[in-house]
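Novice: Data: my_file10.csv, CSV, C-alpha atoms.
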chain,number,residue,atom,x,y,z
A,27,MET,CA,29.9,-26.4,17.0
A,28,PHE,CA,32.5,-27.5,14.5
A,29,ASP,CA,35.5,-25.6,13.2
A,30,ILE,CA,35.6,-26.1,9.4
A,31,SER,CA,38.1,-25.0,6.9
A,32,LEU,CA,37.2,-24.5,3.2
A,33,ILE,CA,39.2,-23.2,0.3
A,34,VAL,CA,36.7,-20.8,-1.2
A,35,ASN,CA,37.6,-19.2,-4.5
A,36,GLY,CA,41.2,-20.0,-3.8
A,37,VAL,CA,41.3,-18.5,-0.3
A,38,THR,CA,41.3,-20.6,2.8
A,39,ARG,CA,38.4,-19.6,4.9
A,40,THR,CA,37.4,-21.0,8.4
A,41,ALA,CA,34.1,-21.0,10.1
A,42,ARG,CA,32.6,-22.2,13.3
A,43,VAL,CA,29.3,-23.7,12.5
A,44,PRO,CA,26.7,-26.0,14.1
A,45,ALA,CA,26.3,-29.4,12.4
A,46,ARG,CA,22.9,-28.4,10.9
A,47,ARG,CA,24.3,-25.3,9.0
A,48,LEU,CA,23.8,-25.6,5.3
A,49,LEU,CA,26.7,-24.8,3.0
A,50,SER,CA,24.6,-22.1,1.4
A,51,ASP,CA,24.0,-20.4,4.7
A,52,CYS,CA,27.6,-20.8,5.7
A,53,LEU,CA,28.8,-19.2,2.5
A,54,ARG,CA,26.2,-16.4,2.7
A,55,HIS,CA,26.2,-15.5,6.4
A,56,ASP,CA,29.4,-16.9,7.9
A,57,LEU,CA,31.7,-16.1,5.0
A,58,ARG,CA,29.6,-13.1,3.7
A,59,LEU,CA,29.7,-14.4,0.1
A,60,THR,CA,26.2,-13.4,-0.7
A,61,GLY,CA,26.5,-14.1,-4.5
A,62,THR,CA,25.2,-17.6,-3.9
A,63,HIS,CA,21.5,-17.3,-3.6
A,64,VAL,CA,18.8,-19.4,-1.9
A,65,GLY,CA,15.7,-19.8,-3.9
A,66,CYS,CA,13.8,-22.9,-2.9
A,67,GLU,CA,15.9,-24.5,-0.1
A,68,HIS,CA,15.2,-27.9,-1.5
A,69,GLY,CA,17.4,-28.3,-4.4
A,70,VAL,CA,15.0,-27.6,-7.2
A,71,CYS,CA,15.7,-24.1,-8.5
A,72,GLY,CA,19.5,-24.2,-8.8
A,73,ALA,CA,20.1,-20.7,-7.5
A,74,CYS,CA,22.4,-22.1,-4.8
A,75,THR,CA,24.7,-24.0,-7.2
A,76,VAL,CA,28.4,-23.8,-6.4
A,77,LEU,CA,31.3,-25.9,-7.6
A,78,LEU,CA,32.7,-28.3,-5.1
A,79,ASP,CA,36.0,-29.5,-6.3
A,80,GLY,CA,34.9,-28.4,-9.7
A,81,VAL,CA,31.6,-30.2,-9.7
A,82,ALA,CA,28.3,-28.4,-9.6
A,83,VAL,CA,26.4,-29.1,-6.4
A,84,ARG,CA,23.3,-27.7,-4.6
A,85,SER,CA,24.7,-25.9,-1.6
A,86,CYS,CA,21.3,-25.8,0.0
A,87,LEU,CA,21.3,-29.6,0.1
A,88,MET,CA,24.7,-29.9,1.7
A,89,LEU,CA,25.7,-29.4,5.3
A,90,ALA,CA,28.7,-27.0,5.7
A,91,VAL,CA,30.5,-29.6,7.7
A,92,THR,CA,30.6,-32.0,4.8
A,93,ALA,CA,32.5,-29.4,2.8
A,94,ASP,CA,35.3,-29.3,5.3
A,95,GLY,CA,38.6,-29.4,3.4
A,96,ALA,CA,37.0,-29.0,0.0
A,97,ARG,CA,37.6,-26.5,-2.7
A,98,VAL,CA,34.5,-24.4,-3.3
A,99,THR,CA,34.0,-22.1,-6.2
A,100,THR,CA,31.2,-19.6,-6.0
A,101,VAL,CA,30.1,-17.0,-8.5
A,102,GLU,CA,32.5,-14.5,-6.9
A,103,GLY,CA,35.3,-16.8,-7.9
A,104,LEU,CA,34.5,-17.0,-11.6
A,105,THR,CA,36.3,-13.8,-12.5
A,106,GLY,CA,39.9,-13.8,-13.4
A,107,PRO,CA,42.7,-12.5,-11.0
A,108,ASP,CA,42.7,-9.3,-13.0
A,109,GLY,CA,38.9,-8.9,-12.3
A,110,LYS,CA,37.9,-9.6,-15.9
A,111,LEU,CA,34.6,-11.4,-16.4
A,112,SER,CA,34.9,-15.1,-17.3
A,113,PRO,CA,33.7,-16.2,-20.7
A,114,VAL,CA,30.4,-17.5,-19.2
A,115,GLN,CA,29.8,-14.2,-17.3
A,116,GLN,CA,30.7,-12.2,-20.4
A,117,ALA,CA,28.4,-14.3,-22.5
A,118,PHE,CA,25.5,-13.4,-20.2
A,119,ALA,CA,26.3,-9.8,-20.5
A,120,ASP,CA,26.5,-10.0,-24.3
A,121,CYS,CA,23.3,-12.0,-24.7
A,122,HIS,CA,21.1,-10.2,-22.2
A,123,GLY,CA,20.9,-13.5,-20.3
A,124,LEU,CA,19.8,-11.9,-17.0
A,125,GLN,CA,17.1,-9.5,-15.8
A,126,CYS,CA,16.7,-9.4,-12.1
A,127,GLY,CA,19.9,-11.5,-11.7
A,128,PHE,CA,18.7,-13.6,-8.8
A,129,CYS,CA,19.1,-17.0,-10.6
A,130,THR,CA,22.2,-15.9,-12.5
A,131,PRO,CA,24.9,-17.0,-10.1
A,132,GLY,CA,23.4,-20.5,-10.2
A,133,PHE,CA,23.4,-20.5,-14.0
A,134,LEU,CA,26.9,-19.2,-14.1
A,135,THR,CA,28.4,-21.9,-11.9
A,136,THR,CA,26.3,-24.7,-13.6
A,137,ILE,CA,27.4,-23.6,-17.1
A,138,THR,CA,31.0,-23.1,-16.1
A,139,ALA,CA,31.2,-26.7,-14.9
A,140,ALA,CA,29.2,-28.1,-17.8
A,141,LEU,CA,31.5,-26.4,-20.4
A,142,LEU,CA,34.4,-28.1,-18.8
A,143,ASP,CA,32.8,-31.5,-19.7
A,144,ASN,CA,31.4,-30.4,-23.0
A,145,PRO,CA,33.2,-27.3,-24.4
A,146,GLU,CA,31.1,-27.1,-27.6
A,147,PRO,CA,27.5,-28.0,-26.9
A,148,SER,CA,24.9,-28.1,-29.5
A,149,PRO,CA,21.7,-26.0,-28.9
A,150,GLU,CA,19.9,-29.1,-27.6
A,151,GLU,CA,22.8,-29.9,-25.3
A,152,ALA,CA,22.8,-26.3,-24.2
A,153,ARG,CA,19.1,-26.6,-23.1
A,154,GLU,CA,20.0,-29.8,-21.4
A,155,ILE,CA,22.8,-28.1,-19.4
A,156,ILE,CA,20.5,-25.5,-18.0
A,157,GLY,CA,17.6,-27.9,-17.4
A,158,GLY,CA,18.1,-27.9,-13.7
A,159,ASN,CA,18.0,-24.1,-13.2
A,160,LEU,CA,14.9,-22.1,-12.9
A,161,CYS,CA,14.5,-18.5,-14.1
A,162,ARG,CA,11.3,-16.4,-13.5
A,163,CYS,CA,12.3,-13.4,-15.6
A,164,THR,CA,13.9,-14.2,-18.9
A,165,GLY,CA,12.0,-17.1,-20.5
A,166,TYR,CA,15.4,-18.9,-21.0
A,167,GLN,CA,15.9,-18.1,-24.7
A,168,ASN,CA,18.7,-15.7,-24.0
A,169,ILE,CA,20.2,-18.0,-21.4
A,170,VAL,CA,20.5,-20.7,-24.1
A,171,LYS,CA,22.1,-18.2,-26.4
A,172,ALA,CA,24.5,-17.3,-23.5
A,173,VAL,CA,25.5,-20.9,-23.2
A,174,LEU,CA,26.4,-21.1,-26.8
A,175,ARG,CA,28.1,-17.7,-26.7
A,176,ALA,CA,30.1,-18.8,-23.7
A,177,ALA,CA,31.3,-21.8,-25.6
A,178,GLU,CA,32.4,-19.5,-28.4
A,179,LEU,CA,34.2,-17.2,-26.0
A,180,GLY,CA,35.8,-20.1,-24.3
A,181,ALA,CA,37.1,-21.5,-27.5
A,182,GLU,CA,38.5,-18.1,-28.4
A,183,LEU,CA,40.2,-17.9,-25.1
A,184,ARG,CA,41.7,-21.3,-25.3
A,185,ALA,CA,42.8,-20.5,-28.9
A,186,ALA,CA,44.5,-17.3,-27.7
A,187,GLU,CA,46.0,-19.1,-24.7
A,188,LEU,CA,45.0,-16.3,-22.4
A,189,GLY,CA,42.6,-16.0,-19.4
A,190,ALA,CA,42.4,-17.4,-15.9
A,191,ALA,CA,39.0,-18.5,-15.0
A,192,GLU,CA,38.4,-21.6,-17.2
A,193,PRO,CA,41.9,-23.1,-16.9
A,194,ARG,CA,41.8,-22.6,-13.2
A,195,ALA,CA,38.5,-24.3,-12.8
A,196,ALA,CA,39.9,-27.1,-15.0
A,197,GLU,CA,42.8,-27.5,-12.6
A,198,LEU,CA,40.4,-27.7,-9.7
A,199,LYS,CA,38.5,-30.5,-11.5
A,200,ALA,CA,41.7,-32.3,-12.3
A,201,ALA,CA,42.8,-32.1,-8.7
A,202,ALA,CA,39.5,-33.4,-7.3
A,203,PRO,CA,39.1,-36.9,-6.0
A,204,GLY,CA,37.1,-39.3,-8.3
A,205,ARG,CA,33.3,-39.1,-8.0
A,206,ALA,CA,31.4,-42.1,-6.8
A,207,ASP,CA,29.7,-42.6,-10.1
A,208,GLY,CA,33.1,-42.8,-11.8
A,209,SER,CA,32.8,-39.6,-13.9
B,16,MET,CA,16.4,11.9,-27.5
B,17,THR,CA,14.7,10.9,-30.7
B,18,SER,CA,17.9,9.3,-31.9
B,19,MET,CA,17.4,6.7,-29.2
B,20,PHE,CA,14.2,5.3,-30.7
B,21,GLY,CA,14.7,1.7,-31.8
B,22,GLN,CA,18.2,1.5,-30.2
B,23,PRO,CA,18.9,-1.0,-27.5
B,24,ILE,CA,19.8,0.7,-24.2
B,25,ALA,CA,22.6,-1.0,-22.4
B,26,ARG,CA,22.0,-2.2,-18.9
B,27,LEU,CA,24.2,-0.8,-16.2
B,28,GLU,CA,23.7,-3.3,-13.5
B,29,ASP,CA,24.9,-6.5,-15.2
B,30,ASP,CA,28.5,-6.3,-14.2
B,31,ARG,CA,27.7,-6.1,-10.5
B,32,LEU,CA,25.1,-8.9,-10.8
B,33,LEU,CA,27.3,-11.2,-12.7
B,34,ARG,CA,30.0,-10.9,-10.1
B,35,GLY,CA,27.7,-11.9,-7.3
B,36,ASN,CA,27.5,-8.4,-5.9
B,37,GLY,CA,23.8,-7.9,-6.1
B,38,ALA,CA,22.2,-6.5,-3.0
B,39,TYR,CA,19.1,-8.6,-2.6
B,40,LEU,CA,17.2,-8.3,0.6
B,41,ASP,CA,18.6,-11.3,2.3
B,42,ASP,CA,22.1,-10.3,1.4
B,43,LEU,CA,21.8,-7.2,3.6
B,44,GLY,CA,21.6,-6.7,7.3
B,45,HIS,CA,24.0,-9.4,8.5
B,46,ASP,CA,24.2,-7.8,11.9
B,47,ALA,CA,20.7,-6.4,12.0
B,48,LEU,CA,18.4,-6.9,14.9
B,49,ALA,CA,15.0,-8.6,14.5
B,50,ALA,CA,11.9,-6.5,15.2
B,51,ALA,CA,8.5,-7.7,16.4
B,52,PHE,CA,5.5,-5.5,16.2
B,53,VAL,CA,2.9,-6.0,18.9
B,54,ARG,CA,-0.6,-5.1,17.8
B,55,SER,CA,-3.8,-4.8,19.8
B,56,PRO,CA,-5.7,-8.0,19.9
B,57,HIS,CA,-8.9,-6.0,20.3
B,58,ALA,CA,-10.6,-4.1,17.5
B,59,HIS,CA,-12.1,-0.8,18.3
B,60,ALA,CA,-10.4,-0.8,21.7
B,61,ARG,CA,-9.0,2.4,23.3
B,62,VAL,CA,-5.5,1.9,24.4
B,63,LEU,CA,-5.2,3.2,28.0
B,64,ASP,CA,-1.8,2.0,28.9
B,65,ILE,CA,1.1,-0.2,27.7
B,66,ASP,CA,2.9,-2.2,30.3
B,67,VAL,CA,6.3,-3.4,29.0
B,68,GLY,CA,7.5,-4.6,32.3
B,69,ALA,CA,7.4,-8.4,31.6
B,70,ALA,CA,9.0,-7.9,28.2
B,71,LEU,CA,12.1,-6.3,29.7
B,72,ASP,CA,13.1,-9.7,31.2
B,73,VAL,CA,13.2,-11.4,27.8
B,74,ASP,CA,16.7,-12.8,27.1
B,75,GLY,CA,18.4,-10.9,24.2
B,76,LEU,CA,16.1,-8.0,24.2
B,77,VAL,CA,17.7,-4.8,23.0
B,78,ALA,CA,15.0,-2.2,23.1
B,79,ILE,CA,11.2,-1.6,23.3
B,80,TYR,CA,9.7,1.4,21.6
B,81,THR,CA,6.2,2.6,22.3
B,82,TYR,CA,4.5,5.7,21.1
B,83,GLU,CA,5.9,7.7,24.0
B,84,ASP,CA,9.4,6.9,22.8
B,85,LEU,CA,8.9,8.5,19.4
B,86,GLN,CA,10.3,11.9,18.9
B,87,GLY,CA,9.9,14.8,16.5
B,88,ARG,CA,8.0,14.2,13.3
B,89,LEU,CA,7.5,10.5,14.1
B,90,ALA,CA,5.5,11.5,17.1
B,91,GLU,CA,3.1,13.7,15.3
B,92,PRO,CA,-0.4,12.2,14.7
B,93,LEU,CA,-1.1,11.0,11.2
B,94,PRO,CA,-3.6,13.2,9.2
B,95,LEU,CA,-7.2,12.1,9.0
B,96,LEU,CA,-8.0,10.5,5.7
B,97,ILE,CA,-11.5,12.0,5.3
B,98,PRO,CA,-11.3,15.6,6.2
B,99,HIS,CA,-15.1,16.3,6.0
B,100,PRO,CA,-16.3,18.5,8.8
B,101,ALA,CA,-19.3,16.3,9.4
B,102,LEU,CA,-17.1,13.5,10.4
B,103,THR,CA,-16.2,14.7,13.8
B,104,HIS,CA,-15.0,11.4,15.2
B,105,GLY,CA,-11.4,10.6,14.7
B,106,ARG,CA,-12.0,7.0,13.5
B,107,THR,CA,-13.3,6.7,10.0
B,108,GLY,CA,-16.7,5.1,9.6
B,109,THR,CA,-17.9,5.5,13.1
B,110,TRP,CA,-20.2,8.1,14.4
B,111,PRO,CA,-22.0,8.5,17.7
B,112,ARG,CA,-24.7,6.0,18.2
B,113,THR,CA,-27.4,8.5,19.0
B,114,ARG,CA,-30.8,8.2,17.5
B,115,PRO,CA,-31.4,10.9,14.9
B,116,SER,CA,-34.1,13.3,16.0
B,117,GLY,CA,-35.8,13.0,12.7
B,118,SER,CA,-35.1,16.6,11.6
B,119,LEU,CA,-32.7,17.7,9.1
B,120,SER,CA,-30.8,19.6,11.7
B,121,THR,CA,-29.0,16.3,12.7
B,122,THR,CA,-27.1,16.1,9.4
B,123,SER,CA,-23.8,16.7,11.1
B,124,ARG,CA,-24.0,13.4,12.9
B,125,CYS,CA,-24.2,10.9,10.2
B,126,PRO,CA,-22.1,10.3,7.0
B,127,GLN,CA,-25.2,9.4,5.2
B,128,TRP,CA,-26.7,12.7,6.1
B,129,SER,CA,-23.5,14.5,5.3
B,130,ALA,CA,-23.6,13.1,1.9
B,131,TRP,CA,-27.1,14.4,1.6
B,132,THR,CA,-26.1,17.8,2.6
B,133,LEU,CA,-23.4,17.8,-0.1
B,134,ARG,CA,-25.8,16.7,-2.8
B,135,GLY,CA,-28.8,18.8,-2.1
B,136,PRO,CA,-32.4,17.9,-1.0
B,137,PRO,CA,-33.7,14.5,-1.9
B,138,SER,CA,-36.4,16.0,-4.1
B,139,THR,CA,-33.7,16.8,-6.6
B,140,TRP,CA,-32.4,13.2,-6.9
B,141,SER,CA,-33.5,11.2,-9.8
B,142,THR,CA,-33.3,7.8,-8.0
B,143,PRO,CA,-33.3,7.4,-4.2
B,144,THR,CA,-29.9,6.3,-3.0
B,145,CYS,CA,-30.0,7.2,0.6
B,146,PRO,CA,-32.1,5.3,3.1
B,147,ALA,CA,-32.8,8.6,4.8
B,148,MET,CA,-35.1,9.4,1.9
B,149,SER,CA,-37.7,7.0,3.2
B,150,PRO,CA,-40.5,8.7,5.1
B,151,ARG,CA,-39.3,7.2,8.3
B,152,ILE,CA,-35.9,8.5,9.0
B,153,TRP,CA,-33.5,5.9,10.1
B,154,CYS,CA,-29.8,5.5,10.4
B,155,ARG,CA,-27.7,2.4,9.6
B,156,THR,CA,-26.3,2.4,13.1
B,157,MET,CA,-29.8,1.4,14.3
B,158,ALA,CA,-30.5,-2.3,14.0
B,159,THR,CA,-34.1,-1.9,12.8
B,160,PRO,CA,-34.8,-0.7,9.3
B,161,PRO,CA,-38.0,1.3,8.7
B,162,PRO,CA,-41.2,-0.8,8.2
B,163,ARG,CA,-42.3,-1.1,4.6
Represent the structure from my file as structure tokens, please.

Specialist:
Amino acid sequence: MFDISLIVNGVTRTARVPARRLLSDCLRHDLRLTGTHVGCEHGVCGACTVLLDGVAVRSCLMLAVTADGARVTTVEGLTGPDGKLSPVQQAFADCHGLQCGFCTPGFLTTITAALLDNPEPSPEEAREIIGGNLCRCTGYQNIVKAVLRAAELGAELRAAELGAAEPRAAELKAAAPGRADGS
Amino acid sequence: MTSMFGQPIARLEDDRLLRGNGAYLDDLGHDALAAAFVRSPHAHARVLDIDVGAALDVDGLVAIYTYEDLQGRLAEPLPLLIPHPALTHGRTGTWPRTRPSGSLSTTSRCPQWSAWTLRGPPSTWSTPTCPAMSPRIWCRTMATPPPR
């Protein structure tokens, strides 16, 4: 068993896990953050997506022990400190981008990270952004709209110099060590 | 109510789902126990006794429940699904494997016959649908159909 320490949604959390425990299971069962969902358990569906140091990763393909010391952002951490929905979350609500909601946390984290890299995607780029996430309910049309709406709301937010979620995620990304591929 | 036709109706669950507070099945029951149901490996067997002695030694076992442990409404027998008085046996689809005597007085023993009694004498049927209509009376529980 390993004692690991993660900074999850800004809060230091510790857990005692065996080496084989997946990050998704650690978040869901050891830390009781059940917003991150497990859909396929092999990295295809995207429902398990979380941000690791600001970068979207498949938590079902990671061992919890490899996240020791990292900053993890789950869907629960996307809201602002005042509890307000982030631009991406609000966009999904505005555009009816969810039905059963099971895939939604994975989309929210993926889109949050993608908009940090590309704050004003074109519709084609928006489709590209969500290409790694599966949804069985909606048919994706409204999710694409939600990506574009999120970009709008994010731009409004930045323009108004308000808000918490996006700037905080940007800080995390800026504080992250460089990725192996240089991005 | 008619004013709502054509109007979109706002969903109430989105806020909770967007925050990651959905209660999907695997999100629940973190401290729940696991249950295993033991069923009879023998069809049409009559259960005489359940011996749980060996199971009590299993590591981590919390409890074993058999029918005797049920209380109140749970312990009441379930209602029969086919409440026809001709079906005297508690298990649907079975009837005593006794050879019909050949007379109409044995209608109470066989579902085929009970269907006959509900529909009236065979002479009133337009097409024969019951094998009991053939001159030699036979019952499907018997292996041998009547000779043609």

Novice: Measure the distance from atom CA of Ala181 of chain A to atom CA of Ala82 of chain A in Å and round it to one decimal.

Specialist: 21.1 Å

Novice: Mind pulling up the distance from atom CA of Arg26 of chain B to atom CA of Gly132 of chain A?

Specialist: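 Rounded to one decimal, the two atoms are 20.3 Å apart.
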
Novice: With a cut-off of 6 Å and counting all atoms listed in the file, select all residues of chain B in contact with chain A and give the selection as a compact mmCIF listing (two decimals) with C-alpha atoms, keeping the file's coordinate frame.

Specialist:
# COMPACT_ATOMS: atom_id res chain seq x y z
CA LEU B 32 25.10 -8.90 -10.80
CA ARG B 34 30.00 -10.90 -10.10
CA GLY B 35 27.70 -11.90 -7.30
CA ASN B 36 27.50 -8.40 -5.90
CA ASP B 42 22.10 -10.30 1.40

Novice: Hey, what's within 6 Å of segment 46-48 of chain A if we count only C-alpha atoms and toss same-chain stuff fewer than 3 positions away? As a list in words, please?

Specialist: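 Residues meeting the cut-off are Asp51, Cys86, Met88, Leu89 and Ala90 of chain A.
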
Novice: What gap, in Å, lies between atom CA of Ser31 of chain A and atom CA of Asp94 of chain A?

Specialist: 5.4 Å

Novice: What's the 9 Å shell around Ala93 of chain A, counting all atoms listed in the file, without same-chain residues fewer than 5 positions away, as a list in words?

Specialist: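 Answer for this query is Ile30, Ser31, Leu32, Leu49, Leu78, Met88 and Val98 of chain A.
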
Novice: Within 10 Å of segment 168-180 of chain A, counting only C-alpha atoms, which residues show up once you throw out same-chain ones fewer than 4 positions away? Write them as an MDAnalysis selection string, please.

Specialist: chainID A and resid 112:124 130 133:134 137:138 140:142 144:156 161 164 184:186 189 191:192

Novice: Tell me, as a list in words, which residues lie within 10 Å of segment 75-80 of chain B, counting all atoms listed in the file; anything in the same chain fewer than 4 positions away does not count.

Specialist: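 My reading of the contact set: Leu48, Ala49, Ala50, Ala51, Phe52, Val67, Ala70, Leu71, Asp84 and Leu85 of chain B.
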
Novice: Between B:Val62, B:His45, B:Leu33, B:Pro23, which has the minimum distance to Leu57 of chain A (counting all atoms listed in the file)?

Specialist: B:His45

Novice: Which residue, A:Cys129, A:Val76, A:Ala96, A:Leu198, has the smallest gap to Cys163 of chain A when you use all atoms listed in the file?

Specialist: A:Cys129

Novice: Would you kindly return, as a ChimeraX atom specification, each protein, DNA or RNA residue with an atom no farther than 7 Å from any atom of Thr75 of chain A, considering only C-alpha atoms and excluding same-chain residues fewer than 4 positions away?

Specialist: /A:82-85,132,135-136
